[in-house]
>>> print(open('work-v4.tsv').read())   # TSV, C-alpha atoms and all ligand atoms
chain	number	residue	atom	x	y	z
Z	1	MET	CA	162.46	-86.93	-103.68
Z	2	LEU	CA	166.07	-87.47	-104.54
Z	3	HIS	CA	167.35	-84.04	-103.64
Z	4	GLN	CA	165.60	-84.17	-100.28
Z	5	ARG	CA	167.38	-87.41	-99.49
Z	6	ILE	CA	170.66	-85.78	-100.48
Z	7	GLU	CA	169.92	-82.82	-98.24
Z	8	ARG	CA	169.29	-85.10	-95.27
Z	9	MET	CA	172.49	-86.90	-96.03
Z	10	LEU	CA	174.46	-83.65	-96.21
Z	11	SER	CA	173.10	-82.44	-92.90
Z	12	ARG	CA	174.21	-85.70	-91.27
Z	13	VAL	CA	177.83	-85.45	-92.32
Z	14	VAL	CA	178.46	-81.77	-91.82
Z	15	PRO	CA	180.35	-80.92	-88.68
Z	16	GLN	CA	178.40	-78.58	-86.47
Z	17	ALA	CA	180.84	-75.73	-87.05
Z	18	ASN	CA	180.23	-75.91	-90.77
Z	19	GLN	CA	176.50	-76.35	-90.57
Z	20	ARG	CA	175.66	-72.88	-91.85
Z	21	SER	CA	178.03	-73.17	-94.78
Z	22	TYR	CA	176.60	-76.50	-95.62
Z	23	ILE	CA	173.05	-75.31	-95.58
Z	24	ALA	CA	174.14	-72.72	-98.09
Z	25	LEU	CA	175.88	-75.39	-100.13
Z	26	GLN	CA	172.76	-77.49	-100.04
Z	27	SER	CA	170.94	-74.49	-101.43
Z	28	ARG	CA	173.47	-74.21	-104.24
Z	29	ILE	CA	173.34	-77.91	-104.97
Z	30	THR	CA	169.59	-77.81	-104.95
Z	31	SER	CA	169.53	-74.83	-107.25
Z	32	THR	CA	171.99	-76.44	-109.65
Z	33	ARG	CA	169.48	-79.23	-110.09
Z	34	THR	CA	168.40	-77.49	-113.16
Z	35	PHE	CA	166.23	-80.22	-114.42
Z	36	ALA	CA	164.59	-81.60	-111.30
Z	37	SER	CA	161.10	-80.80	-110.10
Z	38	HIS	CA	160.75	-77.08	-109.58
Z	39	THR	CA	158.07	-77.50	-106.99
Z	40	SER	CA	160.10	-79.71	-104.72
Z	41	ARG	CA	163.15	-77.52	-105.21
Z	42	PHE	CA	161.24	-74.52	-104.03
Z	43	ARG	CA	160.09	-76.27	-100.92
Z	44	SER	CA	163.63	-77.29	-100.19
Z	45	VAL	CA	165.06	-73.81	-100.54
Z	46	SER	CA	162.46	-72.14	-98.43
Z	47	ARG	CA	162.92	-74.74	-95.74
Z	48	ASN	CA	166.69	-74.72	-95.59
Z	49	VAL	CA	167.88	-71.30	-96.51
Z	50	HIS	CA	165.50	-69.19	-94.56
Z	51	ARG	CA	164.28	-71.22	-91.72
Z	52	PRO	CA	163.17	-68.51	-89.33
Z	53	GLN	CA	164.96	-68.45	-86.04
Z	54	SER	CA	162.91	-69.64	-83.16
Z	55	ARG	CA	162.08	-66.67	-81.00
Z	56	THR	CA	158.93	-67.41	-79.14
Z	57	PHE	CA	158.09	-63.78	-78.70
Z	58	SER	CA	160.75	-61.10	-78.61
Z	59	SER	CA	164.34	-60.77	-77.60
Z	60	SER	CA	163.55	-57.87	-75.33
Z	61	GLY	CA	160.98	-59.77	-73.38
Z	62	ARG	CA	161.80	-61.18	-69.99
Z	63	ARG	CA	162.09	-64.85	-69.47
Z	64	CYS	CA	159.38	-66.16	-67.20
Z	65	SER	CA	159.72	-68.90	-64.72
Z	66	ASN	CA	157.85	-71.32	-66.93
Z	67	GLY	CA	160.39	-70.83	-69.73
Z	68	SER	CA	158.18	-68.75	-72.04
Z	69	TYR	CA	158.81	-65.18	-73.10
Z	70	ASN	CA	156.76	-62.21	-72.02
Z	71	ARG	CA	156.87	-59.05	-74.11
Z	72	PHE	CA	155.12	-56.95	-71.43
Z	73	ASN	CA	156.43	-55.48	-68.26
Z	74	ASN	CA	154.67	-56.06	-64.95
Z	75	SER	CA	153.68	-59.66	-65.64
Z	76	GLY	CA	152.01	-58.92	-68.95
Z	77	ARG	CA	149.81	-56.05	-67.77
Z	78	GLY	CA	152.09	-53.10	-68.56
Z	79	PRO	CA	152.80	-51.36	-71.86
Z	80	ARG	CA	155.12	-53.00	-74.31
Z	81	ALA	CA	158.77	-51.90	-74.07
Z	82	PRO	CA	159.93	-49.86	-77.09
Z	83	PRO	CA	162.09	-51.78	-79.54
Z	84	LEU	CA	165.86	-51.56	-79.42
Z	85	ILE	CA	165.99	-49.38	-82.55
Z	86	TYR	CA	164.16	-46.65	-80.63
Z	87	HIS	CA	166.86	-46.54	-77.94
Z	88	LEU	CA	169.68	-46.61	-80.48
Z	89	LEU	CA	168.24	-43.86	-82.67
Z	90	SER	CA	167.51	-41.64	-79.69
Z	91	ARG	CA	171.19	-41.82	-78.69
Z	92	ALA	CA	172.77	-41.91	-82.16
Z	93	ARG	CA	175.02	-39.14	-83.39
Z	94	THR	CA	176.05	-38.28	-86.94
Z	95	GLU	CA	179.49	-39.83	-86.52
Z	96	HIS	CA	177.90	-43.18	-85.69
Z	97	PHE	CA	176.18	-43.25	-89.07
Z	98	VAL	CA	179.42	-42.18	-90.78
Z	99	ILE	CA	181.36	-44.98	-89.10
Z	100	ILE	CA	178.72	-47.58	-90.00
Z	101	GLY	CA	178.58	-46.31	-93.60
Z	102	LEU	CA	182.35	-46.35	-93.99
Z	103	GLY	CA	182.57	-49.83	-92.46
Z	104	ALA	CA	179.89	-51.20	-94.78
Z	105	SER	CA	181.52	-49.56	-97.81
Z	106	ALA	CA	184.94	-50.95	-96.92
Z	107	PHE	CA	183.46	-54.41	-96.39
Z	108	TYR	CA	181.72	-54.27	-99.74
Z	109	TYR	CA	184.80	-52.94	-101.54
Z	110	TYR	CA	187.15	-55.62	-100.21
Z	111	ASN	CA	184.73	-58.48	-100.79
Z	112	THR	CA	183.42	-57.77	-104.27
Z	113	GLU	CA	184.78	-59.37	-107.40
Z	114	VAL	CA	183.87	-59.64	-111.06
Z	115	VAL	CA	182.67	-62.82	-112.77
Z	116	GLU	CA	185.22	-63.10	-115.53
Z	117	MET	CA	183.07	-64.23	-118.45
Z	118	THR	CA	180.10	-61.94	-117.87
Z	119	GLY	CA	181.57	-58.93	-116.05
Z	120	ARG	CA	178.93	-59.13	-113.32
Z	121	ARG	CA	180.08	-57.62	-110.02
Z	122	ARG	CA	179.13	-59.59	-106.94
Z	123	LEU	CA	179.87	-60.03	-103.27
Z	124	ASN	CA	181.86	-63.12	-102.24
Z	125	PHE	CA	183.96	-63.67	-99.13
Z	126	ILE	CA	184.11	-67.48	-99.23
Z	127	SER	CA	187.58	-68.68	-100.17
Z	128	VAL	CA	188.13	-71.09	-103.04
Z	129	GLN	CA	189.72	-73.52	-100.59
Z	130	HIS	CA	186.67	-73.55	-98.32
Z	131	GLU	CA	184.36	-74.03	-101.28
Z	132	LEU	CA	186.50	-76.95	-102.49
Z	133	GLU	CA	186.45	-78.57	-99.05
Z	134	LEU	CA	182.66	-78.43	-98.85
Z	135	GLY	CA	182.39	-79.76	-102.40
Z	136	ASP	CA	184.69	-82.64	-101.49
Z	137	GLN	CA	182.58	-83.56	-98.47
Z	138	ALA	CA	179.42	-83.51	-100.56
Z	139	TYR	CA	181.12	-85.56	-103.28
Z	140	ARG	CA	182.03	-88.39	-100.91
Z	141	GLU	CA	178.52	-88.57	-99.54
Z	142	ILE	CA	176.76	-88.45	-102.91
Z	143	LEU	CA	179.14	-91.09	-104.18
Z	144	ALA	CA	178.28	-93.37	-101.26
Z	145	GLU	CA	174.56	-92.71	-101.72
Z	146	HIS	CA	174.54	-93.72	-105.39
Z	147	ARG	CA	177.41	-96.19	-105.44
Z	148	ASP	CA	175.21	-99.09	-106.54
Z	149	ARG	CA	173.74	-97.18	-109.48
Z	150	ILE	CA	176.85	-95.55	-110.93
Z	151	LEU	CA	177.55	-96.85	-114.43
Z	152	PRO	CA	181.07	-98.16	-115.05
Z	153	ASP	CA	183.47	-95.94	-117.00
Z	154	SER	CA	183.30	-98.43	-119.89
Z	155	HIS	CA	179.52	-97.96	-120.29
Z	156	PRO	CA	178.58	-96.16	-123.56
Z	157	HIS	CA	176.68	-93.46	-121.66
Z	158	ALA	CA	179.63	-92.83	-119.34
Z	159	LYS	CA	181.96	-92.65	-122.33
Z	160	VAL	CA	179.89	-90.13	-124.24
Z	161	VAL	CA	179.40	-87.90	-121.18
Z	162	ARG	CA	183.13	-88.01	-120.48
Z	163	ARG	CA	183.90	-87.17	-124.11
Z	164	VAL	CA	181.68	-84.08	-124.01
Z	165	LEU	CA	183.11	-83.03	-120.67
Z	166	GLU	CA	186.67	-83.31	-121.97
Z	167	ARG	CA	185.88	-80.93	-124.81
Z	168	LEU	CA	184.23	-78.42	-122.50
Z	169	ILE	CA	186.83	-78.40	-119.73
Z	170	PRO	CA	189.47	-76.44	-121.72
Z	171	GLN	CA	186.90	-73.64	-121.97
Z	172	ALA	CA	186.51	-73.57	-118.18
Z	173	ARG	CA	189.39	-72.45	-116.00
Z	174	VAL	CA	188.65	-73.48	-112.42
Z	175	GLU	CA	191.29	-73.22	-109.72
Z	176	GLY	CA	191.84	-76.51	-107.91
Z	177	ALA	CA	189.27	-78.48	-109.93
Z	178	GLN	CA	189.80	-82.16	-110.56
Z	179	TRP	CA	187.17	-83.08	-113.09
Z	180	ARG	CA	185.46	-86.43	-112.80
Z	181	VAL	CA	182.15	-87.57	-114.23
Z	182	HIS	CA	179.69	-90.14	-112.90
Z	183	VAL	CA	176.61	-91.30	-114.75
Z	184	ILE	CA	173.91	-92.61	-112.42
Z	185	LYS	CA	171.39	-95.12	-113.67
Z	186	ALA	CA	168.08	-93.45	-112.84
Z	187	ASP	CA	165.83	-93.18	-115.89
Z	188	ASP	CA	163.16	-91.31	-113.95
Z	189	VAL	CA	165.51	-88.53	-112.81
Z	190	ARG	CA	165.94	-85.66	-115.29
Z	191	ASN	CA	168.88	-84.12	-113.62
Z	192	ALA	CA	172.57	-83.27	-113.75
Z	193	PHE	CA	174.78	-81.22	-111.46
Z	194	VAL	CA	178.41	-80.36	-110.81
Z	195	LEU	CA	179.91	-79.91	-107.35
Z	196	PRO	CA	182.58	-77.35	-106.51
Z	197	GLY	CA	185.84	-79.08	-107.34
Z	198	GLY	CA	184.60	-80.44	-110.65
Z	199	LYS	CA	182.70	-83.61	-109.77
Z	200	VAL	CA	179.97	-84.09	-112.37
Z	201	PHE	CA	176.86	-86.22	-111.85
Z	202	VAL	CA	174.52	-87.01	-114.73
Z	203	PHE	CA	171.35	-89.05	-114.27
Z	204	THR	CA	170.34	-91.21	-117.21
Z	205	GLY	CA	166.85	-89.70	-117.18
Z	206	ILE	CA	168.22	-86.46	-118.67
Z	207	LEU	CA	169.94	-88.14	-121.63
Z	208	PRO	CA	166.87	-88.60	-123.87
Z	209	PHE	CA	166.18	-84.87	-123.54
Z	210	CYS	CA	169.75	-84.09	-124.56
Z	211	LYS	CA	169.22	-86.21	-127.68
Z	212	ASP	CA	172.84	-85.97	-128.85
Z	213	GLU	CA	176.22	-84.68	-127.80
Z	214	ASP	CA	175.31	-81.08	-128.62
Z	215	GLY	CA	172.33	-81.28	-126.27
Z	216	LEU	CA	174.46	-82.87	-123.59
Z	217	ALA	CA	177.03	-80.10	-124.06
Z	218	ALA	CA	174.26	-77.58	-123.36
Z	219	VAL	CA	173.45	-79.28	-120.06
Z	220	LEU	CA	177.06	-79.79	-118.99
Z	221	GLY	CA	178.07	-76.31	-120.16
Z	222	HIS	CA	175.42	-74.80	-117.90
Z	223	GLU	CA	176.45	-76.90	-114.90
Z	224	ILE	CA	180.17	-76.33	-115.42
Z	225	ALA	CA	179.46	-72.60	-115.65
Z	226	HIS	CA	178.12	-72.68	-112.08
Z	227	VAL	CA	181.51	-73.99	-110.95
Z	228	VAL	CA	183.52	-71.59	-113.12
Z	229	ALA	CA	181.59	-68.63	-111.70
Z	230	HIS	CA	181.84	-69.96	-108.10
Z	231	HIS	CA	178.12	-69.63	-107.65
Z	232	SER	CA	178.30	-71.88	-104.57
Z	233	ALA	CA	180.58	-69.45	-102.77
Z	234	GLU	CA	178.42	-66.52	-103.82
Z	235	GLY	CA	175.33	-68.32	-102.54
Z	236	MET	CA	177.02	-69.09	-99.22
Z	237	THR	CA	178.09	-65.44	-98.87
Z	238	ARG	CA	174.55	-64.31	-99.56
Z	239	ASN	CA	173.13	-66.70	-97.00
Z	240	TYR	CA	175.62	-65.67	-94.31
Z	241	LEU	CA	174.75	-62.02	-94.85
Z	242	LEU	CA	171.01	-62.58	-95.03
Z	243	ARG	CA	171.02	-64.58	-91.82
Z	244	SER	CA	173.01	-61.83	-90.10
Z	245	VAL	CA	170.70	-59.11	-91.39
Z	246	VAL	CA	167.60	-61.08	-90.41
Z	247	THR	CA	168.93	-61.53	-86.88
Z	248	VAL	CA	169.88	-57.86	-86.49
Z	249	VAL	CA	166.57	-56.58	-87.90
Z	250	SER	CA	164.53	-58.85	-85.65
Z	251	LEU	CA	166.51	-57.65	-82.62
Z	252	LEU	CA	166.35	-53.98	-83.56
Z	253	PHE	CA	162.64	-53.91	-84.29
Z	254	ASP	CA	161.68	-56.54	-81.74
Z	255	ILE	CA	159.82	-58.62	-84.29
Z	256	SER	CA	159.80	-62.26	-85.15
Z	257	ALA	CA	162.69	-63.24	-87.44
Z	258	MET	CA	160.13	-64.87	-89.69
Z	259	ILE	CA	159.09	-61.56	-91.30
Z	260	PRO	CA	162.55	-60.35	-92.44
Z	261	ALA	CA	163.48	-63.94	-93.28
Z	262	TYR	CA	160.62	-64.36	-95.73
Z	263	LEU	CA	161.07	-60.86	-97.14
Z	264	SER	CA	164.76	-61.43	-97.78
Z	265	HIS	CA	164.02	-64.83	-99.27
Z	266	TYR	CA	161.56	-63.51	-101.85
Z	267	LEU	CA	163.17	-60.14	-102.51
Z	268	ILE	CA	166.86	-61.07	-102.47
Z	269	ASN	CA	167.54	-64.80	-102.40
Z	270	LEU	CA	165.24	-66.02	-105.15
Z	271	PRO	CA	165.98	-63.17	-107.61
Z	272	ASN	CA	169.70	-63.68	-107.01
Z	273	SER	CA	169.43	-67.40	-107.69
Z	274	ARG	CA	167.67	-66.63	-110.95
Z	275	VAL	CA	170.48	-64.22	-111.87
Z	276	GLN	CA	172.97	-67.05	-111.32
Z	277	GLU	CA	170.91	-69.42	-113.45
Z	278	ALA	CA	170.68	-66.92	-116.29
Z	279	GLU	CA	174.41	-66.30	-116.02
Z	280	ALA	CA	175.15	-70.04	-116.16
Z	281	ASP	CA	172.95	-70.27	-119.27
Z	282	ASP	CA	174.93	-67.48	-120.95
Z	283	MET	CA	178.30	-68.88	-119.99
Z	284	GLY	CA	177.32	-72.42	-120.91
Z	285	LEU	CA	176.19	-71.26	-124.35
Z	286	ILE	CA	179.54	-69.56	-125.00
Z	287	MET	CA	181.52	-72.52	-123.69
Z	288	MET	CA	179.68	-75.03	-125.85
Z	289	ALA	CA	180.19	-72.84	-128.94
Z	290	ARG	CA	183.91	-72.53	-128.20
Z	291	ALA	CA	184.07	-76.31	-127.87
Z	292	CYS	CA	182.46	-76.65	-131.32
Z	293	TYR	CA	179.04	-77.77	-130.13
Z	294	ASN	CA	176.13	-76.18	-131.95
Z	295	PRO	CA	174.65	-73.58	-129.56
Z	296	GLU	CA	171.21	-73.99	-131.13
Z	297	ALA	CA	171.09	-77.33	-129.32
Z	298	ALA	CA	170.66	-75.49	-126.00
Z	299	ILE	CA	167.42	-73.93	-127.18
Z	300	ALA	CA	166.23	-77.22	-128.63
Z	301	PHE	CA	166.96	-78.92	-125.31
Z	302	TRP	CA	164.85	-76.46	-123.32
Z	303	GLN	CA	162.12	-76.69	-125.91
Z	304	ARG	CA	161.97	-80.44	-125.42
Z	305	LEU	CA	161.60	-79.88	-121.68
Z	306	VAL	CA	158.81	-77.38	-122.26
Z	307	ASN	CA	157.04	-79.82	-124.54
Z	308	ASN	CA	157.34	-82.61	-122.03
Z	309	LYS	CA	153.97	-83.14	-120.42
Z	310	GLU	CA	155.51	-84.46	-117.21
Z	311	GLU	CA	157.34	-81.21	-116.49
Z	312	HIS	CA	155.61	-79.14	-113.85
Z	313	GLU	CA	156.68	-75.63	-113.29
Z	314	ILE	CA	155.83	-73.13	-110.60
Z	315	HIS	CA	155.71	-69.44	-111.32
Z	316	GLN	CA	159.11	-67.89	-111.95
Z	317	PHE	CA	158.68	-65.44	-109.10
Z	318	LEU	CA	158.50	-68.31	-106.60
Z	319	SER	CA	161.35	-70.28	-108.10
Z	320	THR	CA	165.13	-70.27	-107.82
Z	321	HIS	CA	165.18	-70.75	-111.60
Z	322	PRO	CA	163.87	-68.73	-114.51
Z	323	SER	CA	160.89	-70.33	-116.23
Z	324	ASN	CA	161.75	-72.54	-119.18
Z	325	GLU	CA	160.12	-70.06	-121.56
Z	326	SER	CA	162.21	-67.23	-120.09
Z	327	ARG	CA	165.35	-69.29	-120.57
Z	328	ILE	CA	164.53	-69.98	-124.20
Z	329	HIS	CA	163.86	-66.29	-124.79
Z	330	ALA	CA	167.13	-65.25	-123.11
Z	331	LEU	CA	169.12	-67.93	-124.95
Z	332	ASN	CA	167.69	-66.76	-128.27
Z	333	GLU	CA	168.98	-63.27	-127.52
Z	334	LYS	CA	172.49	-64.63	-126.95
Z	335	LEU	CA	172.39	-67.04	-129.86
Z	336	ASN	CA	173.93	-64.69	-132.43
Z	337	THR	CA	177.02	-64.16	-130.31
Z	338	ALA	CA	177.40	-67.88	-129.71
Z	339	GLN	CA	176.79	-68.71	-133.37
Z	340	ALA	CA	179.51	-66.25	-134.38
Z	341	ILE	CA	181.97	-68.03	-132.08
Z	342	TYR	CA	180.84	-71.39	-133.47
Z	343	LEU	CA	181.20	-70.32	-137.12
Z	344	ASP	CA	184.41	-68.33	-136.66
Z	345	GLY	CA	186.00	-71.41	-135.14
Z	346	GLY	CA	185.29	-73.40	-138.30
Z	347	CYS	CA	183.11	-75.74	-136.29
Z	348	LYS	CA	180.26	-75.99	-138.78
Z	349	MET	CA	182.54	-77.29	-141.50
Z	350	ALA	CA	184.26	-79.69	-139.14
Z	351	ASN	CA	180.97	-81.13	-137.95
Z	352	GLU	CA	179.59	-81.52	-141.48
Z	353	TYR	CA	182.65	-83.39	-142.69
Z	354	MET	CA	182.87	-85.49	-139.55
Z	355	PRO	CA	179.42	-86.99	-139.10
Z	356	ASP	CA	180.64	-89.11	-136.20
Z	357	PHE	CA	181.77	-85.95	-134.43
Z	358	ARG	CA	178.33	-85.59	-132.89
Z	359	ARG	CA	177.11	-89.01	-132.06
Z	360	ALA	CA	173.54	-89.44	-131.00
Z	361	PHE	CA	172.59	-91.36	-127.93
Z	362	ALA	CA	170.90	-94.70	-128.24
Z	363	LEU	CA	167.62	-93.44	-126.85
Z	364	HIS	CA	165.81	-95.88	-124.65
Z	365	ARG	CA	162.54	-94.04	-125.06
Z	366	GLU	CA	161.02	-91.66	-127.54
Z	367	LEU	CA	160.11	-88.16	-126.47
D	1	ZN	ZN	171.70	-74.13	-112.90
>>> encode(input="work-v4.tsv", output="structure tokens", more="lines below")
Ligand SMILES: [Zn+2]
Amino acid sequence: MLHQRIERMLSRVVPQANQRSYIALQSRITSTRTFASHTSRFRSVSRNVHRPQSRTFSSSGRRCSNGSYNRFNNSGRGPRAPPLIYHLLSRARTEHFVIIGLGASAFYYYNTEVVEMTGRRRLNFISVQHELELGDQAYREILAEHRDRILPDSHPHAKVVRRVLERLIPQARVEGAQWRVHVIKADDVRNAFVLPGGKVFVFTGILPFCKDEDGLAAVLGHEIAHVVAHHSAEGMTRNYLLRSVVTVVSLLFDISAMIPAYLSHYLINLPNSRVQEAEADDMGLIMMARACYNPEAAIAFWQRLVNNKEEHEIHQFLSTHPSNESRIHALNEKLNTAQAIYLDGGCKMANEYMPDFRRAFALHREL
């Protein structure tokens, strides 16, 4: 699968020191592949983000001469040593809990911020500069990977994608972004994504589903929203913390890291990714309305995906993305707000009197 090849490529180029950050970025990139196979995306996330740490038995076990771990005293015949948490709790005093609580509160306070367009409060300690650097690394590699299939800027598809992007960008204030769009000739790939730093990739396979510029604005609005909201940095923060928590819990309770890793993946990571996706849908809808693209096109786009017989979807609970039906339902709830922005801006009149304003793609296949 395409995204798996990209993941392998990313892991090759990332310096060792940045490996963790890059795994998180891979997760973000994978999750921004809104329109790729859900099943393969899920496999990718579970493999990369929460690969359990390899602890053969327990950290408290003694290392045997043959290199394996032994969780029993007296050469495996004695009782199992109590876990570290038992020792800590038996010696803990009230002030220890106060200090830990104050430290955690201070950490949370100084590292939380609000997503401007939605007002959602979230934890993020990755700097914009670091996010841009990782995005730049990924951009160079993806560019090299697809160099032979990138359509020239003069190609009609490249022109129309650039035109839509140029109308959306003023609605999206992103520090340090240098917007650039690349259309990749791959009719079998229904995908589009934007890297931190504003590098946009659109695969030709998604264009028939967009149908026209309004539909394309729905796709690009969603992807740009991920960059505006710095979802990559938020995802990296989450992964750093989860990995730390998984390590500490496995040490404290003397259990395999696999258990807390899978619990945190299903209970924290996946739900949080779905929150980001829903947020990008909301923001994208508002941005496209502000740019005078009909917000109803977003719902029509998802409906076309739902109707497509080739689309396979795993259950929402197991996915980084909401189900397509959930997205349509949520978008419908936001539609009135977006329509008000669209109508108040005089967009409806402008579009009716300027039929060329929304040019349709020359579809190379019927849906
Ligand atoms: Zn997305």
>>> residues_around(input="work-v4.tsv", residues="Z:Tyr293", least_positions_apart="3", cutoff="10 Å", atoms="only C-alpha atoms", output="JSON, numbers by chain")
{"Z": [164, 167, 168, 213, 214, 215, 216, 217, 218, 285, 286, 287, 288, 289, 290, 296, 297, 298, 339, 342, 347, 348, 351, 357, 358]}
>>> write_last_selection(input="work-v4.tsv", atoms="C-alpha atoms", output="PDB file, keeping the file's coordinate frame")
ATOM      1  CA  VAL Z 164     181.680 -84.080-124.010  1.00  0.00           C
ATOM      2  CA  ARG Z 167     185.880 -80.930-124.810  1.00  0.00           C
ATOM      3  CA  LEU Z 168     184.230 -78.420-122.500  1.00  0.00           C
ATOM      4  CA  GLU Z 213     176.220 -84.680-127.800  1.00  0.00           C
ATOM      5  CA  ASP Z 214     175.310 -81.080-128.620  1.00  0.00           C
ATOM      6  CA  GLY Z 215     172.330 -81.280-126.270  1.00  0.00           C
ATOM      7  CA  LEU Z 216     174.460 -82.870-123.590  1.00  0.00           C
ATOM      8  CA  ALA Z 217     177.030 -80.100-124.060  1.00  0.00           C
ATOM      9  CA  ALA Z 218     174.260 -77.580-123.360  1.00  0.00           C
ATOM     10  CA  LEU Z 285     176.190 -71.260-124.350  1.00  0.00           C
ATOM     11  CA  ILE Z 286     179.540 -69.560-125.000  1.00  0.00           C
ATOM     12  CA  MET Z 287     181.520 -72.520-123.690  1.00  0.00           C
ATOM     13  CA  MET Z 288     179.680 -75.030-125.850  1.00  0.00           C
ATOM     14  CA  ALA Z 289     180.190 -72.840-128.940  1.00  0.00           C
ATOM     15  CA  ARG Z 290     183.910 -72.530-128.200  1.00  0.00           C
ATOM     16  CA  GLU Z 296     171.210 -73.990-131.130  1.00  0.00           C
ATOM     17  CA  ALA Z 297     171.090 -77.330-129.320  1.00  0.00           C
ATOM     18  CA  ALA Z 298     170.660 -75.490-126.000  1.00  0.00           C
ATOM     19  CA  GLN Z 339     176.790 -68.710-133.370  1.00  0.00           C
ATOM     20  CA  TYR Z 342     180.840 -71.390-133.470  1.00  0.00           C
ATOM     21  CA  CYS Z 347     183.110 -75.740-136.290  1.00  0.00           C
ATOM     22  CA  LYS Z 348     180.260 -75.990-138.780  1.00  0.00           C
ATOM     23  CA  ASN Z 351     180.970 -81.130-137.950  1.00  0.00           C
ATOM     24  CA  PHE Z 357     181.770 -85.950-134.430  1.00  0.00           C
ATOM     25  CA  ARG Z 358     178.330 -85.590-132.890  1.00  0.00           C
TER      26      ARG Z 358
END
>>> closest_residue(input="work-v4.tsv", among="Z:Pro208, Z:Pro260, Z:Gly284, Z:Gly235", to="Z:Ile126", atoms="all atoms listed in the file")
Z:Gly235
>>> closest_residue(input="work-v4.tsv", among="Z:Pro271, Z:Pro83, Z:Gly221, Z:Gly135", to="ligand ZN 1 (chain D)", atoms="all atoms listed in the file")
Z:Gly221
>>> atom_distance(input="work-v4.tsv", atom1="atom CA of Z:Thr247", atom2="atom CA of Z:Ala81")
19.0 Å
>>> atom_distance(input="work-v4.tsv", atom1="atom CA of Z:Arg238", atom2="atom CA of Z:Asn269")
7.6 Å
>>> atom_distance(input="work-v4.tsv", atom1="atom CA of Z:Asn272", atom2="atom CA of Z:Arg121")
12.4 Å
>>> closest_residue(input="work-v4.tsv", among="Z:Ile255, Z:Cys292, Z:Ser323, Z:Phe193", to="ligand ZN 1 (chain D)", atoms="all atoms listed in the file")
Z:Phe193
>>> closest_residue(input="work-v4.tsv", among="Z:Leu270, Z:Ile224, Z:Ile299, Z:Ala261", to="ligand ZN 1 (chain D)", atoms="all atoms listed in the file")
Z:Ile224
>>> closest_residue(input="work-v4.tsv", among="Z:Asp282, Z:Glu277, Z:Asp254, Z:Glu325", to="ligand ZN 1 (chain D)", atoms="only C-alpha atoms and all ligand atoms")
Z:Glu277
>>> closest_residue(input="work-v4.tsv", among="Z:Arg163, Z:His222, Z:His157, Z:His321", to="Z:Ser273", atoms="all atoms listed in the file")
Z:His321
>>> residues_around(input="work-v4.tsv", residues="Z:Arg147", least_positions_apart="4", cutoff="10 Å", atoms="only C-alpha atoms", output="PyMOL selection string")
chain Z and resi 141-143+151+182+184
>>> write_last_selection(input="work-v4.tsv", atoms="C-alpha atoms", output="mmCIF file, in the frame of the given file")
data_model
loop_
_atom_site.group_PDB
_atom_site.id
_atom_site.type_symbol
_atom_site.label_atom_id
_atom_site.label_comp_id
_atom_site.auth_asym_id
_atom_site.auth_seq_id
_atom_site.Cartn_x
_atom_site.Cartn_y
_atom_site.Cartn_z
ATOM 1 C CA GLU Z 141 178.520 -88.570 -99.540
ATOM 2 C CA ILE Z 142 176.760 -88.450 -102.910
ATOM 3 C CA LEU Z 143 179.140 -91.090 -104.180
ATOM 4 C CA LEU Z 151 177.550 -96.850 -114.430
ATOM 5 C CA HIS Z 182 179.690 -90.140 -112.900
ATOM 6 C CA ILE Z 184 173.910 -92.610 -112.420
#
